[in-house]
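Visitor: So I've got this file, input.tsv, and it contains TSV, C-alpha atoms:
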```
chain	number	residue	atom	x	y	z
A	1	MET	CA	0.00	0.00	0.00
A	2	HIS	CA	1.47	3.33	0.94
A	3	GLU	CA	4.11	2.32	3.46
A	4	LEU	CA	6.79	4.45	1.83
A	5	GLY	CA	4.53	7.48	1.80
A	6	VAL	CA	3.66	7.19	5.48
A	7	THR	CA	7.31	6.51	6.33
A	8	PHE	CA	8.21	9.95	5.00
A	9	TYR	CA	5.53	11.43	7.24
A	10	VAL	CA	6.96	9.66	10.25
A	11	VAL	CA	10.50	10.83	9.44
A	12	LYS	CA	9.28	14.39	9.02
A	13	ASP	CA	7.34	14.44	12.29
A	14	VAL	CA	10.10	12.73	14.23
A	15	LYS	CA	12.67	15.20	12.91
A	16	LYS	CA	10.49	18.09	13.93
A	17	VAL	CA	9.94	16.81	17.46
A	18	ALA	CA	13.63	16.02	17.85
A	19	LYS	CA	14.55	19.54	16.80
A	20	GLU	CA	12.01	21.11	19.14
A	21	ASN	CA	13.47	19.10	22.00
A	22	LYS	CA	17.06	19.69	20.97
A	23	VAL	CA	17.72	15.99	20.43
A	24	ASP	CA	20.45	15.17	17.90
A	25	LYS	CA	20.02	11.43	17.67
A	26	ILE	CA	17.04	9.22	18.28
A	27	ASP	CA	17.33	5.59	19.38
A	28	PHE	CA	13.82	4.37	18.79
A	29	VAL	CA	10.44	5.43	17.52
A	30	THR	CA	7.25	3.71	18.63
A	31	LEU	CA	4.19	3.75	16.42
A	32	GLU	CA	0.63	2.75	17.25
A	33	ILE	CA	-1.05	1.20	14.27
A	34	GLY	CA	-4.66	0.11	14.13
A	35	GLU	CA	-5.34	-3.45	13.07
A	36	VAL	CA	-7.33	-2.36	10.05
A	37	SER	CA	-5.30	0.67	9.00
A	38	GLY	CA	-4.12	-1.36	6.03
A	39	VAL	CA	-0.45	-0.85	6.83
A	40	ILE	CA	1.77	-3.89	6.43
A	41	HIS	CA	4.20	-3.87	9.33
A	42	ASP	CA	7.09	-5.69	7.63
A	43	GLN	CA	6.95	-3.39	4.65
A	44	LEU	CA	6.79	-0.36	6.88
A	45	ILE	CA	9.86	-1.52	8.79
A	46	ASP	CA	11.71	-2.12	5.49
A	47	CYS	CA	10.80	1.38	4.33
A	48	TRP	CA	11.85	2.85	7.66
A	49	ASN	CA	15.20	1.06	7.63
A	50	TRP	CA	15.84	2.54	4.22
A	51	ALA	CA	14.55	6.05	4.96
A	52	ARG	CA	16.07	6.51	8.41
A	53	LYS	CA	19.59	6.49	6.95
A	54	LYS	CA	18.88	9.66	5.04
A	55	GLU	CA	18.81	11.77	8.20
A	56	THR	CA	21.46	11.94	10.90
A	57	VAL	CA	18.87	12.26	13.63
A	58	THR	CA	17.05	9.05	12.65
A	59	GLU	CA	19.85	6.93	11.19
A	60	SER	CA	20.21	4.63	14.18
A	61	ALA	CA	16.58	4.66	15.32
A	62	GLU	CA	14.78	1.35	15.57
A	63	LEU	CA	11.11	1.26	14.69
A	64	ASN	CA	8.73	-0.39	17.16
A	65	ILE	CA	5.13	-1.03	16.26
A	66	GLU	CA	2.29	-1.50	18.73
A	67	THR	CA	-0.97	-2.81	17.36
A	68	LEU	CA	-4.28	-1.27	18.40
A	69	GLU	CA	-7.29	-3.55	18.34
A	70	ALA	CA	-10.03	-2.74	15.83
A	71	ILE	CA	-13.57	-2.53	17.19
A	72	THR	CA	-16.77	-2.11	15.22
A	73	PHE	CA	-20.04	-0.76	16.62
A	74	CYS	CA	-23.45	-2.03	15.53
A	75	GLU	CA	-26.02	0.73	15.29
A	76	ASP	CA	-28.93	-1.73	15.34
A	77	CYS	CA	-28.14	-3.74	18.46
A	78	GLN	CA	-25.60	-1.34	20.01
A	79	ALA	CA	-23.04	-4.11	20.39
A	80	GLU	CA	-19.33	-3.76	19.95
A	81	TYR	CA	-17.28	-6.53	18.39
A	82	ARG	CA	-13.82	-7.31	17.04
A	83	THR	CA	-13.61	-6.06	13.46
A	84	VAL	CA	-10.96	-8.54	12.40
A	85	ASP	CA	-13.15	-11.51	13.39
A	86	TYR	CA	-16.46	-10.41	11.90
A	87	GLY	CA	-15.86	-7.58	9.42
A	88	LYS	CA	-18.80	-5.37	8.56
A	89	ILE	CA	-21.57	-7.75	9.63
A	90	CYS	CA	-22.56	-7.75	13.30
A	91	PRO	CA	-22.14	-11.26	14.80
A	92	TYR	CA	-25.03	-10.67	17.23
A	93	CYS	CA	-27.85	-9.40	15.02
A	94	LYS	CA	-26.38	-9.88	11.51
A	95	SER	CA	-26.91	-6.22	10.71
A	96	GLU	CA	-24.66	-4.43	8.23
A	97	ASN	CA	-25.51	-1.12	9.82
A	98	THR	CA	-22.16	-0.91	11.55
A	99	TYR	CA	-19.23	1.43	11.70
A	100	LEU	CA	-15.61	1.26	12.81
A	101	LEU	CA	-15.14	2.67	16.30
A	102	ARG	CA	-11.37	2.38	16.30
A	103	GLY	CA	-8.61	0.46	14.61
A	104	ASN	CA	-7.51	2.60	11.69
A	105	GLU	CA	-5.07	4.72	13.69
A	106	PHE	CA	-1.58	5.56	12.60
A	107	ASN	CA	0.00	7.41	15.50
A	108	ILE	CA	3.52	8.20	16.52
A	109	LYS	CA	3.32	7.20	20.15
A	110	GLU	CA	6.75	8.17	21.38
A	111	ILE	CA	10.34	8.80	20.53
A	112	GLY	CA	13.10	7.46	22.74
A	113	VAL	CA	16.63	8.58	23.40
A	114	TYR	CA	19.10	6.62	25.52
A	115	ASP	CA	20.97	9.03	27.79
A	116	GLU	CA	24.72	9.11	28.02
A	117	ASP	CA	25.64	9.61	31.67
A	118	ASP	CA	24.31	12.92	32.91
A	119	GLU	CA	24.66	14.92	29.79
A	120	GLU	CA	21.23	16.44	30.22
A	121	SER	CA	20.68	19.81	28.65
B	1	MET	CA	16.41	7.11	28.88
B	2	THR	CA	14.39	10.05	27.70
B	3	ILE	CA	11.02	9.46	26.13
B	4	LEU	CA	9.22	12.14	24.18
B	5	GLU	CA	5.54	11.35	24.08
B	6	LEU	CA	3.77	12.41	20.92
B	7	LYS	CA	0.51	10.49	20.70
B	8	GLN	CA	0.01	12.18	17.41
B	9	GLY	CA	-1.60	10.90	14.24
B	10	ILE	CA	0.68	11.27	11.27
B	11	PHE	CA	-2.14	12.77	9.22
B	12	LYS	CA	-2.70	15.62	11.67
B	13	GLU	CA	-0.31	18.10	10.14
B	14	ASN	CA	-1.61	17.30	6.69
B	15	GLU	CA	-5.16	17.91	7.85
B	16	ILE	CA	-4.23	21.30	9.27
B	17	SER	CA	-2.55	22.34	6.00
B	18	ALA	CA	-5.51	21.01	4.01
B	19	ASP	CA	-7.97	23.03	6.11
B	20	GLY	CA	-5.82	26.11	5.51
B	21	ILE	CA	-5.98	25.63	1.75
B	22	ARG	CA	-9.75	25.11	1.86
B	23	GLU	CA	-10.20	28.28	3.87
B	24	GLU	CA	-8.11	30.31	1.42
B	25	PHE	CA	-10.13	29.04	-1.51
B	26	ALA	CA	-13.40	29.80	0.26
B	27	LYS	CA	-12.26	33.34	1.06
B	28	ALA	CA	-11.17	33.93	-2.53
B	29	GLY	CA	-14.46	32.53	-3.88
B	30	LYS	CA	-12.67	29.80	-5.77
B	31	LEU	CA	-13.30	26.10	-5.94
B	32	MET	CA	-10.95	23.10	-5.93
B	33	ILE	CA	-11.98	19.59	-6.91
B	34	ASN	CA	-9.83	16.52	-6.27
B	35	VAL	CA	-10.27	13.77	-8.86
B	36	MET	CA	-9.36	10.23	-7.83
B	37	SER	CA	-9.56	6.88	-9.59
B	38	SER	CA	-7.64	3.83	-10.77
B	39	PRO	CA	-5.10	4.31	-13.54
B	40	GLY	CA	-6.81	4.26	-16.92
B	41	SER	CA	-10.32	5.11	-15.75
B	42	GLY	CA	-10.43	8.17	-17.98
B	43	LYS	CA	-9.56	11.00	-15.59
B	44	THR	CA	-7.82	13.16	-18.18
B	45	THR	CA	-10.46	12.66	-20.88
B	46	THR	CA	-13.22	13.31	-18.36
B	47	LEU	CA	-11.50	16.53	-17.31
B	48	LEU	CA	-11.10	17.61	-20.94
B	49	ARG	CA	-14.81	17.07	-21.59
B	50	THR	CA	-15.66	18.84	-18.33
B	51	ILE	CA	-13.56	21.85	-19.29
B	52	GLU	CA	-15.19	21.97	-22.73
B	53	GLY	CA	-18.60	21.58	-21.15
B	54	LEU	CA	-18.01	24.38	-18.65
B	55	ARG	CA	-16.96	26.64	-21.50
B	56	ALA	CA	-20.15	25.82	-23.42
B	57	LEU	CA	-22.25	26.45	-20.30
B	58	ASP	CA	-21.05	30.04	-20.13
B	59	THR	CA	-23.11	31.09	-23.07
B	60	LYS	CA	-26.07	28.85	-22.30
B	61	SER	CA	-27.15	30.32	-18.97
B	62	SER	CA	-29.91	27.80	-18.33
B	63	ASN	CA	-32.18	27.54	-15.25
B	64	GLY	CA	-31.87	31.21	-14.50
B	65	ILE	CA	-28.43	30.66	-12.96
B	66	ILE	CA	-25.93	32.69	-14.84
B	67	ILE	CA	-22.19	32.80	-14.61
B	68	ASP	CA	-21.55	35.85	-16.74
B	69	LYS	CA	-17.85	35.44	-17.23
B	70	PRO	CA	-16.21	32.29	-18.57
B	71	VAL	CA	-15.07	29.83	-15.92
B	72	ARG	CA	-11.29	29.90	-15.77
B	73	VAL	CA	-10.00	26.41	-15.13
B	74	GLY	CA	-6.62	25.16	-13.98
B	75	VAL	CA	-5.56	21.55	-13.70
B	76	MET	CA	-2.77	20.08	-11.61
B	77	GLU	CA	-1.78	16.78	-13.12
B	78	CYS	CA	-0.17	14.53	-10.57
B	79	ASP	CA	1.74	11.50	-11.68
B	80	ILE	CA	4.74	9.61	-10.56
B	81	ASP	CA	6.42	10.53	-13.85
B	82	ALA	CA	5.85	11.88	-17.41
B	83	SER	CA	3.98	15.00	-18.52
B	84	VAL	CA	1.60	13.64	-21.14
B	85	ASP	CA	-1.51	14.53	-19.15
B	86	ALA	CA	-0.59	18.18	-18.63
B	87	GLU	CA	0.18	18.53	-22.32
B	88	THR	CA	-3.21	17.05	-23.20
B	89	ILE	CA	-5.04	19.40	-20.83
B	90	ALA	CA	-3.07	22.45	-21.97
B	91	ALA	CA	-3.91	21.57	-25.57
B	92	GLY	CA	-7.56	21.52	-24.45
B	93	GLY	CA	-7.29	25.15	-23.47
B	94	ALA	CA	-6.98	25.12	-19.66
B	95	LYS	CA	-4.07	26.19	-17.56
B	96	ALA	CA	-2.16	23.07	-16.64
B	97	ILE	CA	0.80	22.07	-14.57
B	98	GLN	CA	2.41	18.68	-14.23
B	99	LEU	CA	3.47	17.65	-10.75
B	100	HIS	CA	5.67	14.69	-10.11
B	101	THR	CA	5.03	13.08	-6.78
B	102	GLY	CA	8.56	11.72	-6.58
B	103	GLY	CA	7.52	8.12	-6.39
B	104	MET	CA	4.74	8.83	-3.90
B	105	CYS	CA	1.42	7.17	-4.53
B	106	HIS	CA	-0.76	10.15	-3.67
B	107	MET	CA	-1.03	13.93	-3.35
B	108	ASP	CA	-1.05	15.59	0.03
B	109	ALA	CA	-1.75	19.14	1.15
B	110	ALA	CA	1.91	20.20	1.04
B	111	MET	CA	2.21	19.02	-2.56
B	112	THR	CA	-1.06	20.75	-3.42
B	113	ARG	CA	0.33	23.96	-1.98
B	114	GLN	CA	3.51	23.67	-4.04
B	115	GLY	CA	1.47	23.01	-7.17
B	116	LEU	CA	-0.85	25.95	-6.54
B	117	ASP	CA	2.10	28.27	-5.97
B	118	ALA	CA	3.84	27.06	-9.12
B	119	MET	CA	0.73	27.32	-11.27
B	120	GLY	CA	-0.63	30.57	-9.83
B	121	ILE	CA	-4.36	30.75	-9.15
B	122	ASP	CA	-5.10	34.48	-9.32
B	123	ASP	CA	-6.48	34.09	-12.83
B	124	LEU	CA	-8.50	30.95	-12.04
B	125	ASP	CA	-11.97	30.20	-10.68
B	126	LEU	CA	-11.77	26.44	-10.57
B	127	VAL	CA	-8.82	24.11	-9.96
B	128	PHE	CA	-8.85	20.39	-10.53
B	129	ILE	CA	-6.33	18.08	-8.93
B	130	GLU	CA	-5.92	15.01	-11.06
B	131	ASN	CA	-4.59	12.75	-8.33
B	132	VAL	CA	-2.27	9.80	-8.88
B	133	GLY	CA	-4.16	6.84	-10.35
B	134	ASN	CA	-4.67	4.74	-7.22
B	135	LEU	CA	-7.73	3.84	-5.16
B	136	VAL	CA	-5.99	3.42	-1.83
B	137	CYS	CA	-3.61	6.17	-0.77
B	138	PRO	CA	-5.23	9.27	-2.28
B	139	ALA	CA	-8.30	8.52	-0.17
B	140	GLU	CA	-6.26	8.78	3.03
B	141	PHE	CA	-4.59	12.11	2.39
B	142	ASP	CA	-6.62	15.30	2.42
B	143	THR	CA	-5.45	17.52	-0.45
B	144	GLY	CA	-7.29	20.64	0.68
B	145	ALA	CA	-9.86	20.38	-2.10
B	146	ALA	CA	-13.43	21.32	-1.15
B	147	ILE	CA	-14.87	18.54	-3.26
B	148	ASN	CA	-13.62	15.01	-3.81
B	149	ILE	CA	-14.74	12.86	-6.68
B	150	THR	CA	-13.96	9.34	-7.84
B	151	ILE	CA	-14.26	8.04	-11.36
B	152	LEU	CA	-15.27	4.39	-11.62
B	153	SER	CA	-14.96	3.00	-15.12
B	154	LEU	CA	-16.80	-0.07	-16.40
B	155	PRO	CA	-13.75	-2.24	-17.12
B	156	GLU	CA	-12.77	-2.04	-13.44
B	157	GLY	CA	-15.86	-3.98	-12.39
B	158	ASP	CA	-18.83	-3.12	-10.17
B	159	ASP	CA	-17.11	-4.64	-7.15
B	160	LYS	CA	-14.61	-1.81	-6.73
B	161	PRO	CA	-16.69	0.04	-4.09
B	162	ALA	CA	-16.75	-3.18	-2.07
B	163	LYS	CA	-13.00	-3.68	-2.37
B	164	TYR	CA	-11.83	-0.09	-1.90
B	165	PRO	CA	-14.50	1.44	0.32
B	166	LEU	CA	-12.62	4.47	1.65
B	167	VAL	CA	-12.22	6.31	-1.64
B	168	TYR	CA	-15.99	6.05	-2.22
B	169	GLN	CA	-16.72	7.08	1.37
B	170	VAL	CA	-14.76	10.30	1.05
B	171	SER	CA	-16.17	11.21	-2.38
B	172	ASP	CA	-18.92	13.75	-2.87
B	173	VAL	CA	-19.45	12.60	-6.45
B	174	VAL	CA	-18.83	9.32	-8.24
B	175	LEU	CA	-18.70	9.44	-12.03
B	176	ILE	CA	-19.33	6.04	-13.61
B	177	ASN	CA	-17.38	6.32	-16.86
B	178	LYS	CA	-17.17	4.40	-20.13
B	179	ILE	CA	-20.86	3.53	-20.14
B	180	ASP	CA	-20.59	3.44	-23.93
B	181	ALA	CA	-18.89	0.07	-23.37
B	182	CYS	CA	-21.62	-1.45	-21.18
B	183	GLU	CA	-22.38	-4.21	-23.65
B	184	VAL	CA	-18.82	-5.47	-23.52
B	185	PHE	CA	-18.29	-5.46	-19.78
B	186	ASP	CA	-20.05	-7.39	-17.07
B	187	PHE	CA	-20.74	-4.30	-15.04
B	188	ASP	CA	-24.02	-3.96	-13.17
B	189	ILE	CA	-24.55	-0.21	-12.90
B	190	GLU	CA	-27.44	-0.55	-10.45
B	191	LEU	CA	-25.41	-2.84	-8.21
B	192	ALA	CA	-22.46	-0.43	-8.29
B	193	ARG	CA	-24.81	2.42	-7.41
B	194	GLU	CA	-26.25	0.42	-4.53
B	195	ARG	CA	-22.78	-0.43	-3.21
B	196	ILE	CA	-21.63	3.18	-3.38
B	197	LEU	CA	-24.76	4.51	-1.67
B	198	LYS	CA	-24.45	1.94	1.08
B	199	LEU	CA	-20.97	3.25	1.85
B	200	ASN	CA	-21.89	6.85	1.33
B	201	PRO	CA	-25.60	7.71	1.18
B	202	LYS	CA	-24.84	11.33	0.27
B	203	ALA	CA	-22.78	10.52	-2.83
B	204	LYS	CA	-24.03	11.93	-6.12
B	205	ILE	CA	-23.63	9.34	-8.86
B	206	TYR	CA	-23.61	10.28	-12.54
B	207	CYS	CA	-23.11	7.97	-15.51
B	208	ILE	CA	-20.97	9.38	-18.28
B	209	SER	CA	-19.08	8.45	-21.39
B	210	ALA	CA	-16.08	10.73	-21.68
B	211	LYS	CA	-15.28	9.19	-25.04
B	212	ASN	CA	-18.67	10.02	-26.55
B	213	ASN	CA	-19.16	13.14	-24.44
B	214	THR	CA	-22.52	11.98	-23.09
B	215	GLY	CA	-24.13	12.24	-19.67
B	216	PHE	CA	-22.13	15.27	-18.56
B	217	GLU	CA	-25.04	17.67	-17.98
B	218	PRO	CA	-25.80	16.80	-14.32
B	219	TRP	CA	-22.09	16.80	-13.47
B	220	LEU	CA	-21.57	20.20	-15.12
B	221	GLU	CA	-24.62	21.55	-13.36
B	222	TYR	CA	-23.24	20.25	-10.05
B	223	ILE	CA	-19.95	22.11	-10.62
B	224	ARG	CA	-21.81	25.23	-11.66
B	225	GLU	CA	-23.89	25.25	-8.50
B	226	LYS	CA	-20.82	24.72	-6.34
B	227	LEU	CA	-19.00	27.51	-8.17
B	228	ILE	CA	-21.89	29.88	-7.74
B	229	SER	CA	-22.14	29.18	-4.03
B	230	ALA	CA	-18.36	29.59	-3.70
B	231	GLN	CA	-18.50	32.92	-5.46
B	232	HIS	CA	-21.56	34.23	-3.60
B	233	ARG	CA	-20.84	33.22	-0.10
```
I need this file expressed as structure tokens, please.

Guide:
Amino acid sequence: MHELGVTFYVVKDVKKVAKENKVDKIDFVTLEIGEVSGVIHDQLIDCWNWARKKETVTESAELNIETLEAITFCEDCQAEYRTVDYGKICPYCKSENTYLLRGNEFNIKEIGVYDEDDEES
Amino acid sequence: MTILELKQGIFKENEISADGIREEFAKAGKLMINVMSSPGSGKTTTLLRTIEGLRALDTKSSNGIIIDKPVRVGVMECDIDASVDAETIAAGGAKAIQLHTGGMCHMDAAMTRQGLDAMGIDDLDLVFIENVGNLVCPAEFDTGAAINITILSLPEGDDKPAKYPLVYQVSDVVLINKIDACEVFDFDIELARERILKLNPKAKIYCISAKNNTGFEPWLEYIREKLISAQHR
């Protein structure tokens, strides 16, 4: 899908945050990705490992991915269920009148820097 | 270890830029339409016919709604490479610029901004973004256009709304193109319509043949109404 495209977004945002916080080198970046965001984790990591080398601040940063569960809400019976198991059709009342509550997120959760001694600024 | 917490969606900045572009267009009384579809669905031909149609509408002034001066159209052609589309559009008489997305599969608000700056919009009323041919990524990235449309052509099959729901969900208008070829393709127009409306009950669906220049009237009227309300806010 668009792993390379979103990778550039991550690099851009991470660079910005690093600059704002006067960080020269990042050690890891943690993303939160919804189960049904359509992003393929392995491909994203491949893209990241290629793209991170283009910037000094990200070149040694590992990418961690945390998965967020996808939940769908049924408007007819008000039930919530796991999207990945049942898709668009509610397992309780068989209605298709459902919508995704969460699970298509693509968030940068945090950026980590390992400290060297007490070199705090 | 120092941890900087962001908890920030990567689309957030894009959405802010896109809202900014929309606001500027609204203030200037101009309109921008983002055109999405698969490769080969007929985006460029549809745009050519639309531009011709808008030009013809100027003199017609039907339904009591009159745009007294000709609609000035600009098109930003977005492709991974080549400039054939911009040349075609420019030959059709509209202002055109070719943008290369640098390998990216979609347009975003920052690229829209660059394109608008490069093309210049002072002498335009209406700008079309011809997005990269792709049903997945363009749907995720807000370009800053006020109106999003998707072209669905018959050879693609009537199951496309089922397979790529997001692009149809975010579209205000779906143009079903190549209906001149309906005898050749196994495409159930009613079923496609049903599938689109299920995803997006507010979608306007118009059947056209860009090749034969038929079925464009409701689509042109739609643009005209949107232009008038943009200009007379």

Visitor: Which residue gives the smallest distance to chain B among A:Asn97, A:Asn107, A:Thr56, A:Gln43, with all atoms listed in the file counted?

Guide: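 Smallest separation from chain B among the options: A:Asn107.
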
Visitor: Report the distance between CA of Val136 in chain B and CA of Tyr81 in chain A in Å, rounded to one decimal place.

Guide: 25.2 Å

Visitor: Give me, as a list in words, the contact residues of chain A against chain B at a cut-off of 9 Å, counting only C-alpha atoms.

Guide: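 Using only C-alpha atoms, chain A residues at most 9 Å from chain B: Met1, His2, Leu4, Gly5, Val6, Tyr9, Val10, Asp13, Val17, Ala18, Asn21, Leu31, Glu32, Glu105, Phe106, Asn107, Ile108, Lys109, Glu110, Ile111, Gly112, Val113, Tyr114, Asp115 and Glu116 of chain A.
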
Visitor: For Ala91 in chain B, which of B:Thr44, B:Ala146, B:Arg224, B:Trp219 is the closest residue, counting only C-alpha atoms?

Guide: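 Residue with the minimum atom-to-atom distance to Ala91 in chain B: B:Thr44.
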
Visitor: Centre and edge lengths of an axis-aligned box around all listed atoms of range 125-132 of chain B, with 8 Å added on each side, are to be given in Å to one decimal, as lines of an AutoDock Vina configuration file.

Guide:
```
center_x = -7.1
center_y = 20.0
center_z = -9.7
size_x = 25.7
size_y = 36.4
size_z = 18.7
```

Visitor: Have a look at B:Ile149, B:Ile196, B:Leu124, B:Val75 and name the one nearest to Thr112 in chain B; count all atoms listed in the file.

Guide: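 Ranked by minimum distance to Thr112 in chain B, first place goes to B:Val75.
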
Visitor: Identify, on the basis of only C-alpha atoms, every residue whose closest approach to range 60-75 of chain A does not exceed 6 Å; exclude the query and any residue fewer than 5 positions from it along the same chain; express the result as a VMD selection string.

Guide: chain A and resid 26 to 35 80 to 83 97 to 103

Visitor: Choose the residue, out of B:Ala181, B:Val173, B:Leu99, B:Leu31, that has the smallest atom-to-atom separation from Tyr206 in chain B; count only C-alpha atoms.

Guide: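 Among the listed residues, the smallest separation from Tyr206 in chain B belongs to B:Val173.
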
Visitor: Taking into account all atoms listed in the file, which residue in the set B:Lys69, B:Arg193, B:Lys178, B:Lys204 is nearest to Asp158 in chain B?

Guide: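 Selected residue with least distance to Asp158 in chain B: B:Arg193.
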